[in-house]
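S.K.: Below you'll find coords16.cif; it's mmCIF, N, CA and C atoms.
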```cif
data_input
loop_
_atom_site.label_atom_id
_atom_site.label_comp_id
_atom_site.auth_asym_id
_atom_site.auth_seq_id
_atom_site.Cartn_x
_atom_site.Cartn_y
_atom_site.Cartn_z
N THR A 1 -4.73 -4.26 13.31
CA THR A 1 -5.14 -4.59 11.94
C THR A 1 -3.99 -5.15 11.11
N GLY A 2 -2.76 -5.01 11.55
CA GLY A 2 -1.62 -5.48 10.77
C GLY A 2 -1.26 -4.56 9.63
N LEU A 3 -1.72 -3.32 9.68
CA LEU A 3 -1.50 -2.35 8.61
C LEU A 3 -0.02 -2.00 8.48
N LEU A 4 0.44 -1.89 7.23
CA LEU A 4 1.80 -1.43 6.93
C LEU A 4 1.73 -0.21 6.03
N MET A 5 2.55 0.78 6.32
CA MET A 5 2.74 1.91 5.42
C MET A 5 3.97 1.57 4.59
N SER A 6 3.87 1.74 3.28
CA SER A 6 5.01 1.39 2.43
C SER A 6 5.00 2.29 1.20
N GLY A 7 5.85 1.96 0.24
CA GLY A 7 5.94 2.75 -0.98
C GLY A 7 6.79 3.99 -0.80
N SER A 8 6.52 4.98 -1.62
CA SER A 8 7.37 6.18 -1.64
C SER A 8 7.30 6.98 -0.34
N ILE A 9 6.18 6.93 0.38
CA ILE A 9 6.10 7.67 1.65
C ILE A 9 7.04 7.06 2.68
N ALA A 10 7.12 5.74 2.73
CA ALA A 10 8.06 5.09 3.65
C ALA A 10 9.50 5.40 3.26
N LEU A 11 9.77 5.39 1.96
CA LEU A 11 11.11 5.75 1.48
C LEU A 11 11.47 7.17 1.89
N SER A 12 10.53 8.08 1.77
CA SER A 12 10.81 9.48 2.13
C SER A 12 11.06 9.63 3.64
N ILE A 13 10.38 8.83 4.44
CA ILE A 13 10.61 8.88 5.89
C ILE A 13 12.00 8.36 6.23
N PHE A 14 12.40 7.26 5.61
CA PHE A 14 13.75 6.73 5.85
C PHE A 14 14.82 7.71 5.38
N GLU A 15 14.58 8.35 4.25
CA GLU A 15 15.58 9.28 3.70
C GLU A 15 15.53 10.66 4.32
N ARG A 16 14.44 10.93 5.05
CA ARG A 16 14.21 12.25 5.65
C ARG A 16 14.16 13.34 4.58
N VAL A 17 13.49 12.99 3.49
CA VAL A 17 13.31 13.90 2.36
C VAL A 17 11.84 13.83 1.96
N TRP A 18 11.25 14.98 1.68
CA TRP A 18 9.85 15.00 1.25
C TRP A 18 9.80 15.01 -0.27
N TYR A 19 9.12 14.02 -0.85
CA TYR A 19 8.91 13.97 -2.29
C TYR A 19 7.60 14.68 -2.60
N CYS A 20 7.63 15.62 -3.51
CA CYS A 20 6.41 16.35 -3.88
C CYS A 20 5.36 15.38 -4.42
N ASN A 21 4.13 15.66 -4.12
CA ASN A 21 2.99 14.87 -4.60
C ASN A 21 3.04 13.41 -4.18
N THR A 22 3.66 13.13 -3.05
CA THR A 22 3.70 11.77 -2.55
C THR A 22 2.39 11.44 -1.86
N ASP A 23 1.79 10.33 -2.26
CA ASP A 23 0.58 9.89 -1.57
C ASP A 23 0.98 8.90 -0.48
N ILE A 24 0.05 8.58 0.36
CA ILE A 24 0.28 7.62 1.44
C ILE A 24 -0.27 6.28 0.99
N ASP A 25 0.58 5.26 1.01
CA ASP A 25 0.16 3.91 0.63
C ASP A 25 0.08 3.05 1.89
N LEU A 26 -1.12 2.58 2.17
CA LEU A 26 -1.37 1.75 3.35
C LEU A 26 -1.79 0.36 2.89
N TYR A 27 -1.13 -0.65 3.41
CA TYR A 27 -1.38 -2.04 3.02
C TYR A 27 -1.98 -2.78 4.20
N VAL A 28 -3.06 -3.49 3.95
CA VAL A 28 -3.75 -4.20 5.02
C VAL A 28 -4.44 -5.42 4.42
N SER A 29 -4.62 -6.45 5.24
CA SER A 29 -5.35 -7.63 4.78
C SER A 29 -6.78 -7.23 4.44
N SER A 30 -7.31 -7.85 3.41
CA SER A 30 -8.64 -7.45 2.94
C SER A 30 -9.73 -7.68 3.98
N ASP A 31 -9.52 -8.59 4.91
CA ASP A 31 -10.55 -8.80 5.94
C ASP A 31 -10.57 -7.70 7.00
N GLN A 32 -9.65 -6.75 6.90
CA GLN A 32 -9.60 -5.62 7.83
C GLN A 32 -10.13 -4.32 7.20
N TRP A 33 -10.87 -4.44 6.11
CA TRP A 33 -11.31 -3.25 5.40
C TRP A 33 -12.22 -2.35 6.23
N LYS A 34 -13.07 -2.93 7.06
CA LYS A 34 -14.01 -2.10 7.83
C LYS A 34 -13.31 -1.18 8.83
N PRO A 35 -12.44 -1.69 9.72
CA PRO A 35 -11.82 -0.76 10.67
C PRO A 35 -10.89 0.26 10.01
N VAL A 36 -10.20 -0.15 8.95
CA VAL A 36 -9.28 0.78 8.28
C VAL A 36 -10.06 1.87 7.55
N THR A 37 -11.10 1.48 6.84
CA THR A 37 -11.93 2.46 6.14
C THR A 37 -12.60 3.40 7.13
N SER A 38 -13.10 2.87 8.22
CA SER A 38 -13.72 3.70 9.25
C SER A 38 -12.72 4.70 9.81
N PHE A 39 -11.50 4.25 10.09
CA PHE A 39 -10.47 5.15 10.59
C PHE A 39 -10.17 6.27 9.59
N MET A 40 -10.06 5.92 8.32
CA MET A 40 -9.76 6.93 7.29
C MET A 40 -10.88 7.96 7.22
N LEU A 41 -12.12 7.51 7.24
CA LEU A 41 -13.26 8.43 7.16
C LEU A 41 -13.34 9.32 8.40
N HIS A 42 -13.07 8.77 9.57
CA HIS A 42 -13.08 9.57 10.80
C HIS A 42 -11.87 10.50 10.91
N SER A 43 -10.84 10.25 10.11
CA SER A 43 -9.64 11.09 10.11
C SER A 43 -9.73 12.21 9.07
N GLY A 44 -10.89 12.36 8.46
CA GLY A 44 -11.09 13.46 7.52
C GLY A 44 -10.88 13.12 6.06
N TYR A 45 -10.67 11.85 5.76
CA TYR A 45 -10.52 11.43 4.36
C TYR A 45 -11.88 11.05 3.81
N GLN A 46 -12.02 11.18 2.50
CA GLN A 46 -13.25 10.78 1.81
C GLN A 46 -12.88 9.80 0.71
N LEU A 47 -13.79 8.86 0.45
CA LEU A 47 -13.60 7.96 -0.69
C LEU A 47 -13.65 8.78 -1.97
N VAL A 48 -12.77 8.48 -2.90
CA VAL A 48 -12.68 9.27 -4.12
C VAL A 48 -13.62 8.77 -5.20
N SER A 49 -13.57 7.49 -5.52
CA SER A 49 -14.32 7.01 -6.68
C SER A 49 -15.65 6.39 -6.28
N ALA A 50 -16.62 6.56 -7.14
CA ALA A 50 -17.94 5.97 -6.91
C ALA A 50 -17.83 4.45 -6.91
N ASN A 51 -16.95 3.91 -7.75
CA ASN A 51 -16.76 2.47 -7.81
C ASN A 51 -16.31 1.93 -6.46
N SER A 52 -15.44 2.66 -5.79
CA SER A 52 -14.98 2.24 -4.46
C SER A 52 -16.14 2.23 -3.47
N LYS A 53 -16.98 3.25 -3.52
CA LYS A 53 -18.10 3.34 -2.59
C LYS A 53 -19.12 2.23 -2.82
N ASP A 54 -19.37 1.91 -4.08
CA ASP A 54 -20.40 0.95 -4.41
C ASP A 54 -20.01 -0.50 -4.13
N ARG A 55 -18.72 -0.79 -4.06
CA ARG A 55 -18.30 -2.18 -3.98
C ARG A 55 -17.62 -2.54 -2.66
N GLN A 56 -17.87 -1.77 -1.60
CA GLN A 56 -17.23 -2.02 -0.31
C GLN A 56 -17.46 -3.44 0.20
N TYR A 57 -18.64 -3.95 -0.01
CA TYR A 57 -18.96 -5.27 0.51
C TYR A 57 -18.09 -6.36 -0.09
N GLU A 58 -17.40 -6.07 -1.20
CA GLU A 58 -16.58 -7.08 -1.87
C GLU A 58 -15.10 -6.98 -1.51
N TRP A 59 -14.68 -5.96 -0.78
CA TRP A 59 -13.26 -5.74 -0.56
C TRP A 59 -12.58 -6.89 0.16
N ASP A 60 -13.30 -7.61 1.00
CA ASP A 60 -12.66 -8.70 1.74
C ASP A 60 -12.79 -10.04 1.03
N SER A 61 -13.31 -10.06 -0.17
CA SER A 61 -13.47 -11.29 -0.92
C SER A 61 -12.22 -11.61 -1.73
N ARG A 62 -11.77 -12.83 -1.65
CA ARG A 62 -10.60 -13.21 -2.46
C ARG A 62 -10.98 -13.38 -3.92
N HIS A 63 -12.26 -13.35 -4.20
CA HIS A 63 -12.71 -13.47 -5.58
C HIS A 63 -12.89 -12.11 -6.24
N TYR A 64 -12.92 -11.05 -5.43
CA TYR A 64 -13.05 -9.70 -5.97
C TYR A 64 -11.68 -9.20 -6.34
N LEU A 65 -11.48 -8.91 -7.59
CA LEU A 65 -10.21 -8.36 -8.04
C LEU A 65 -10.47 -7.00 -8.66
N GLY A 66 -10.57 -6.01 -7.82
CA GLY A 66 -10.76 -4.65 -8.30
C GLY A 66 -9.50 -4.12 -8.94
N TYR A 67 -8.40 -4.79 -8.72
CA TYR A 67 -7.12 -4.36 -9.26
C TYR A 67 -6.43 -5.61 -9.76
N HIS A 68 -5.89 -5.59 -10.94
CA HIS A 68 -5.38 -6.81 -11.56
C HIS A 68 -3.89 -6.99 -11.36
N LEU A 69 -3.51 -7.17 -10.13
CA LEU A 69 -2.15 -7.55 -9.78
C LEU A 69 -2.24 -8.69 -8.79
N PRO A 70 -1.29 -9.63 -8.88
CA PRO A 70 -1.30 -10.71 -7.89
C PRO A 70 -1.17 -10.13 -6.48
N ARG A 71 -1.74 -10.80 -5.54
CA ARG A 71 -1.62 -10.46 -4.12
C ARG A 71 -2.53 -9.30 -3.68
N ILE A 72 -3.19 -8.61 -4.60
CA ILE A 72 -4.01 -7.44 -4.25
C ILE A 72 -5.46 -7.70 -4.63
N SER A 73 -6.36 -7.51 -3.67
CA SER A 73 -7.78 -7.70 -3.98
C SER A 73 -8.46 -6.39 -4.37
N ALA A 74 -8.00 -5.27 -3.82
CA ALA A 74 -8.60 -3.98 -4.16
C ALA A 74 -7.67 -2.85 -3.75
N ILE A 75 -7.80 -1.73 -4.45
CA ILE A 75 -7.12 -0.49 -4.07
C ILE A 75 -8.18 0.58 -3.98
N VAL A 76 -8.23 1.25 -2.83
CA VAL A 76 -9.26 2.25 -2.59
C VAL A 76 -8.58 3.60 -2.38
N ASP A 77 -9.02 4.60 -3.13
CA ASP A 77 -8.43 5.93 -3.07
C ASP A 77 -9.20 6.83 -2.12
N PHE A 78 -8.46 7.57 -1.32
CA PHE A 78 -9.01 8.55 -0.39
C PHE A 78 -8.32 9.88 -0.62
N ILE A 79 -8.99 10.96 -0.24
CA ILE A 79 -8.39 12.30 -0.27
C ILE A 79 -8.96 13.09 0.90
N ASN A 80 -8.13 13.96 1.48
CA ASN A 80 -8.64 14.80 2.57
C ASN A 80 -8.82 16.24 2.08
N ASN A 81 -9.30 17.11 2.95
CA ASN A 81 -9.59 18.50 2.56
C ASN A 81 -8.35 19.28 2.15
N ALA A 82 -7.18 18.85 2.62
CA ALA A 82 -5.92 19.52 2.24
C ALA A 82 -5.38 19.00 0.92
N GLY A 83 -6.07 18.02 0.33
CA GLY A 83 -5.63 17.47 -0.95
C GLY A 83 -4.66 16.31 -0.82
N GLN A 84 -4.37 15.88 0.41
CA GLN A 84 -3.46 14.74 0.62
C GLN A 84 -4.17 13.46 0.20
N GLN A 85 -3.54 12.73 -0.70
CA GLN A 85 -4.12 11.49 -1.19
C GLN A 85 -3.58 10.30 -0.43
N ALA A 86 -4.42 9.31 -0.25
CA ALA A 86 -4.02 8.06 0.39
C ALA A 86 -4.65 6.92 -0.38
N GLN A 87 -3.90 5.85 -0.51
CA GLN A 87 -4.43 4.63 -1.10
C GLN A 87 -4.38 3.55 -0.04
N VAL A 88 -5.48 2.85 0.11
CA VAL A 88 -5.50 1.67 0.96
C VAL A 88 -5.52 0.47 0.03
N ILE A 89 -4.48 -0.34 0.14
CA ILE A 89 -4.32 -1.50 -0.71
C ILE A 89 -4.68 -2.72 0.11
N PHE A 90 -5.71 -3.44 -0.32
CA PHE A 90 -6.17 -4.61 0.40
C PHE A 90 -5.49 -5.86 -0.15
N ALA A 91 -4.76 -6.54 0.71
CA ALA A 91 -3.99 -7.71 0.32
C ALA A 91 -4.84 -8.97 0.36
N VAL A 92 -4.64 -9.84 -0.62
CA VAL A 92 -5.34 -11.12 -0.64
C VAL A 92 -4.89 -11.96 0.55
N TYR A 93 -3.60 -12.00 0.81
CA TYR A 93 -3.07 -12.83 1.90
C TYR A 93 -2.62 -11.98 3.08
N SER A 94 -1.56 -11.19 2.89
CA SER A 94 -1.06 -10.33 3.97
C SER A 94 -0.38 -9.11 3.37
N PRO A 95 -0.30 -8.02 4.12
CA PRO A 95 0.39 -6.83 3.62
C PRO A 95 1.86 -7.11 3.30
N LEU A 96 2.51 -7.91 4.11
CA LEU A 96 3.91 -8.24 3.86
C LEU A 96 4.08 -8.97 2.54
N ASP A 97 3.15 -9.83 2.20
CA ASP A 97 3.18 -10.54 0.92
C ASP A 97 3.19 -9.56 -0.24
N VAL A 98 2.42 -8.50 -0.15
CA VAL A 98 2.38 -7.49 -1.21
C VAL A 98 3.71 -6.75 -1.29
N VAL A 99 4.24 -6.32 -0.15
CA VAL A 99 5.50 -5.58 -0.12
C VAL A 99 6.63 -6.43 -0.70
N LEU A 100 6.67 -7.71 -0.35
CA LEU A 100 7.71 -8.59 -0.86
C LEU A 100 7.55 -8.88 -2.35
N GLY A 101 6.40 -8.57 -2.89
CA GLY A 101 6.15 -8.76 -4.32
C GLY A 101 6.36 -7.51 -5.15
N PHE A 102 6.90 -6.45 -4.55
CA PHE A 102 7.12 -5.20 -5.28
C PHE A 102 8.09 -5.41 -6.44
N HIS A 103 8.04 -4.51 -7.39
CA HIS A 103 8.83 -4.57 -8.62
C HIS A 103 10.31 -4.33 -8.41
N SER A 104 10.68 -3.65 -7.33
CA SER A 104 12.09 -3.34 -7.11
C SER A 104 12.37 -3.15 -5.63
N THR A 105 13.66 -3.24 -5.28
CA THR A 105 14.05 -3.19 -3.88
C THR A 105 13.94 -1.80 -3.27
N VAL A 106 14.00 -0.75 -4.08
CA VAL A 106 14.02 0.61 -3.54
C VAL A 106 12.76 0.94 -2.73
N VAL A 107 11.65 0.30 -3.05
CA VAL A 107 10.40 0.58 -2.33
C VAL A 107 10.04 -0.52 -1.33
N MET A 108 10.94 -1.44 -1.08
CA MET A 108 10.67 -2.51 -0.11
C MET A 108 11.00 -2.03 1.30
N ASN A 109 10.30 -1.01 1.71
CA ASN A 109 10.41 -0.44 3.05
C ASN A 109 9.02 -0.44 3.64
N MET A 110 8.93 -0.65 4.93
CA MET A 110 7.61 -0.67 5.54
C MET A 110 7.66 -0.13 6.95
N ILE A 111 6.56 0.46 7.35
CA ILE A 111 6.44 1.02 8.69
C ILE A 111 5.13 0.50 9.29
N SER A 112 5.25 -0.10 10.47
CA SER A 112 4.06 -0.58 11.18
C SER A 112 3.86 0.28 12.42
N HIS A 113 2.94 -0.13 13.27
CA HIS A 113 2.70 0.63 14.50
C HIS A 113 3.90 0.58 15.44
N SER A 114 4.77 -0.42 15.27
CA SER A 114 5.87 -0.57 16.23
C SER A 114 7.26 -0.68 15.61
N ARG A 115 7.35 -0.80 14.30
CA ARG A 115 8.64 -1.01 13.65
C ARG A 115 8.71 -0.27 12.32
N ALA A 116 9.95 0.04 11.95
CA ALA A 116 10.24 0.55 10.61
C ALA A 116 11.33 -0.35 10.03
N VAL A 117 11.09 -0.90 8.85
CA VAL A 117 12.01 -1.87 8.27
C VAL A 117 12.34 -1.48 6.84
N CYS A 118 13.63 -1.46 6.55
CA CYS A 118 14.13 -1.28 5.18
C CYS A 118 14.84 -2.58 4.83
N LEU A 119 14.35 -3.29 3.83
CA LEU A 119 14.91 -4.60 3.50
C LEU A 119 16.26 -4.51 2.78
N TYR A 120 16.53 -3.43 2.08
CA TYR A 120 17.77 -3.29 1.33
C TYR A 120 18.41 -1.93 1.63
N PRO A 121 18.81 -1.67 2.86
CA PRO A 121 19.32 -0.33 3.20
C PRO A 121 20.62 0.04 2.50
N TYR A 122 21.54 -0.90 2.37
CA TYR A 122 22.84 -0.56 1.78
C TYR A 122 22.69 -0.18 0.31
N SER A 123 21.99 -1.01 -0.45
CA SER A 123 21.83 -0.68 -1.88
C SER A 123 20.95 0.55 -2.08
N THR A 124 19.95 0.74 -1.23
CA THR A 124 19.04 1.87 -1.39
C THR A 124 19.67 3.20 -1.00
N PHE A 125 20.32 3.25 0.16
CA PHE A 125 20.77 4.53 0.69
C PHE A 125 22.26 4.80 0.55
N VAL A 126 23.07 3.77 0.41
CA VAL A 126 24.51 3.98 0.24
C VAL A 126 24.88 3.92 -1.24
N LEU A 127 24.53 2.80 -1.89
CA LEU A 127 24.84 2.66 -3.32
C LEU A 127 23.89 3.45 -4.21
N ARG A 128 22.71 3.80 -3.65
CA ARG A 128 21.69 4.56 -4.39
C ARG A 128 21.25 3.82 -5.66
N CYS A 129 21.03 2.52 -5.51
CA CYS A 129 20.57 1.73 -6.65
C CYS A 129 19.47 0.78 -6.19
N SER A 130 18.79 0.20 -7.15
CA SER A 130 17.67 -0.68 -6.87
C SER A 130 17.76 -1.91 -7.77
N ILE A 131 17.44 -3.05 -7.22
CA ILE A 131 17.35 -4.26 -8.01
C ILE A 131 15.91 -4.36 -8.50
N ILE A 132 15.76 -4.55 -9.80
CA ILE A 132 14.43 -4.65 -10.40
C ILE A 132 14.14 -6.12 -10.66
N PHE A 133 12.95 -6.55 -10.24
CA PHE A 133 12.56 -7.95 -10.38
C PHE A 133 11.67 -8.12 -11.60
N GLY A 134 11.81 -9.27 -12.27
CA GLY A 134 10.92 -9.60 -13.38
C GLY A 134 9.57 -9.98 -12.83
N TYR A 135 8.54 -9.77 -13.63
CA TYR A 135 7.18 -10.05 -13.18
C TYR A 135 6.34 -10.45 -14.37
N THR A 136 5.56 -11.49 -14.20
CA THR A 136 4.59 -11.87 -15.23
C THR A 136 3.23 -11.99 -14.56
N ALA A 137 2.20 -11.64 -15.30
CA ALA A 137 0.84 -11.64 -14.74
C ALA A 137 0.38 -13.05 -14.38
N SER A 138 0.94 -14.07 -15.03
CA SER A 138 0.52 -15.44 -14.76
C SER A 138 1.23 -16.04 -13.55
N GLU A 139 2.13 -15.31 -12.96
CA GLU A 139 2.96 -15.78 -11.85
C GLU A 139 2.16 -16.27 -10.65
N ASP A 140 1.05 -15.64 -10.35
CA ASP A 140 0.29 -15.94 -9.14
C ASP A 140 -0.85 -16.93 -9.38
N LYS A 141 -0.95 -17.46 -10.57
CA LYS A 141 -2.08 -18.34 -10.90
C LYS A 141 -1.81 -19.78 -10.55
#
```
Would you give me this structure, written as structure tokens?
M.R.:
Amino acid sequence: TGLLMSGSIALSIFERVWYCNTDIDLYVSSDQWKPVTSFMLHSGYQLVSANSKDRQYEWDSRHYLGYHLPRISAIVDFINNAGQQAQVIFAVYSPLDVVLGFHSTVVMNMISHSRAVCLYPYSTFVLRCSIIFGYTASEDK
């Protein structure tokens, strides 16, 4: 499916530190919504919001913007019986495109089925700093 795990959960794995209340952020192309959603449901997660349940047929549409950020077509919230939250973020183009569009370097880490990549390891883990990027909503238009 090309799924990437990123965000604070990937950062915690690289740092070998558990951040309290960390959710799992999964990034996948919007055309892969069916297998990813099916996997989440079979893994004991449930869809959280009624809006997510009602609009599944639109998740792979580039015209559906359930979330108003460039590069993202929808964000779907899941929760399991243990209270672990997961977000599946459906990318308009590719999961990597979303990760490269993050607001700062500290969260530009990703884990796939075969690789773990930290784009800024020295500044993140040695210098303990992050470069923050400017962003405007009209940037992707």
S.K.: List every residue of chain A that DSSP, applied to the backbone of this structure, places in strand (DSSP E), and write the result as an MDAnalysis selection string.
M.R.: chainID A and resid 4:6 24:29 45:47 72:80 85:91 109:111 116:118
S.K.: Do you have the atom CA of Gly44 of chain A-atom N of Ser94 of chain A distance handy?
M.R.: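 Going from atom CA of Gly44 of chain A over to atom N of Ser94 of chain A covers 26.8 Å.
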S.K.: For segment 117-127 of chain A, I'd like the enclosing box, axis-aligned and padded by 8 Å on every side, reported as AutoDock Vina command-line options with centre and edge lengths in Å to one decimal.
M.R.:
```
--center_x 18.0 --center_y 0.1 --center_z 2.3 --size_x 29.8 --size_y 25.4 --size_z 29.1
```
S.K.: Please write as a list in words the full residue list that the PyMOL selection byres ((chain A and resi 27-34) around 5) yields on this file.
M.R.: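 With the PyMOL selection byres ((chain A and resi 27-34) around 5) on this model, the match is Leu3, Leu4, Met5, Asp25, Leu26, Pro35, Val36, Thr37, Ser38, Trp59, Asp60, Ile89, Phe90, Ala91 and Pro95 of chain A.
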S.K.: Kindly indicate which residue among A:Leu127, A:Val48, A:Ile72, A:Ala10 lies nearest to Asn109 of chain A, using all atoms listed in the file for the distances.
M.R.: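 Of A:Leu127, A:Val48, A:Ile72, A:Ala10, the one nearest Asn109 of chain A is A:Ala10, counting all atoms listed in the file.
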S.K.: List every residue of chain A that DSSP, applied to the backbone of this structure, assigns to helix (DSSP H, G or I), and report them as a PyMOL selection string.
M.R.: chain A and resi 8-15+30-42+50-54+56-58+95-100+105-107+121-126+137-140
S.K.: Quick check, in Å to one decimal: how far apart do atom CA of Ser6 of chain A and atom CA of Met110 of chain A lie?
M.R.: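 These two atoms are separated by 4.5 Å.
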S.K.: Using only C-alpha atoms, which residues sit within 8 Å of Gln46 of chain A once same-chain residues fewer than 6 positions away are excluded, as number ranges by chain?
M.R.: A: 40, 78-80
S.K.: Pull N, CA and C atoms from the residues just selected and write them as a compact mmCIF listing (two decimals), keeping the file's coordinate frame.
M.R.:
```txt
# COMPACT_ATOMS: atom_id res chain seq x y z
N MET A 40 -10.06 5.92 8.32
CA MET A 40 -9.76 6.93 7.29
C MET A 40 -10.88 7.96 7.22
N PHE A 78 -8.46 7.57 -1.32
CA PHE A 78 -9.01 8.55 -0.39
C PHE A 78 -8.32 9.88 -0.62
N ILE A 79 -8.99 10.96 -0.24
CA ILE A 79 -8.39 12.30 -0.27
C ILE A 79 -8.96 13.09 0.90
N ASN A 80 -8.13 13.96 1.48
CA ASN A 80 -8.64 14.80 2.57
C ASN A 80 -8.82 16.24 2.08
```
S.K.: What is the distance between atom CA of Val17 of chain A and atom CA of Leu69 of chain A, in Å to one decimal?
M.R.: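 Between atom CA of Val17 of chain A and atom CA of Leu69 of chain A the gap works out to 29.1 Å.
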S.K.: Here is a test: counting only C-alpha atoms, which residue of A:Ile132, A:Leu11, A:Ala82, A:Cys20 is nearest to Tyr45 of chain A?
M.R.: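 Checking each of A:Ile132, A:Leu11, A:Ala82, A:Cys20 against Tyr45 of chain A, counting only C-alpha atoms, the winner is A:Ala82.
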S.K.: Name the residues in contact with Tyr120 of chain A at a cut-off of 8 Å, using all atoms listed in the file, excluding same-chain residues fewer than 3 positions from it; report them as a list in words.
M.R.: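 Residues near the query, excluding close chain neighbours: Thr105, Val106, Val107, Met108, Asn109, Val117, Ser123, Thr124, Phe125 and Val126 of chain A.
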S.K.: Go through A:Ala86, A:Leu119, A:Ile9, A:Val98 and flag the residue nearest Arg71 of chain A, using only N, CA and C atoms for the distances.
M.R.: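 Looking at the shortest contact to Arg71 of chain A, the residue is A:Val98.
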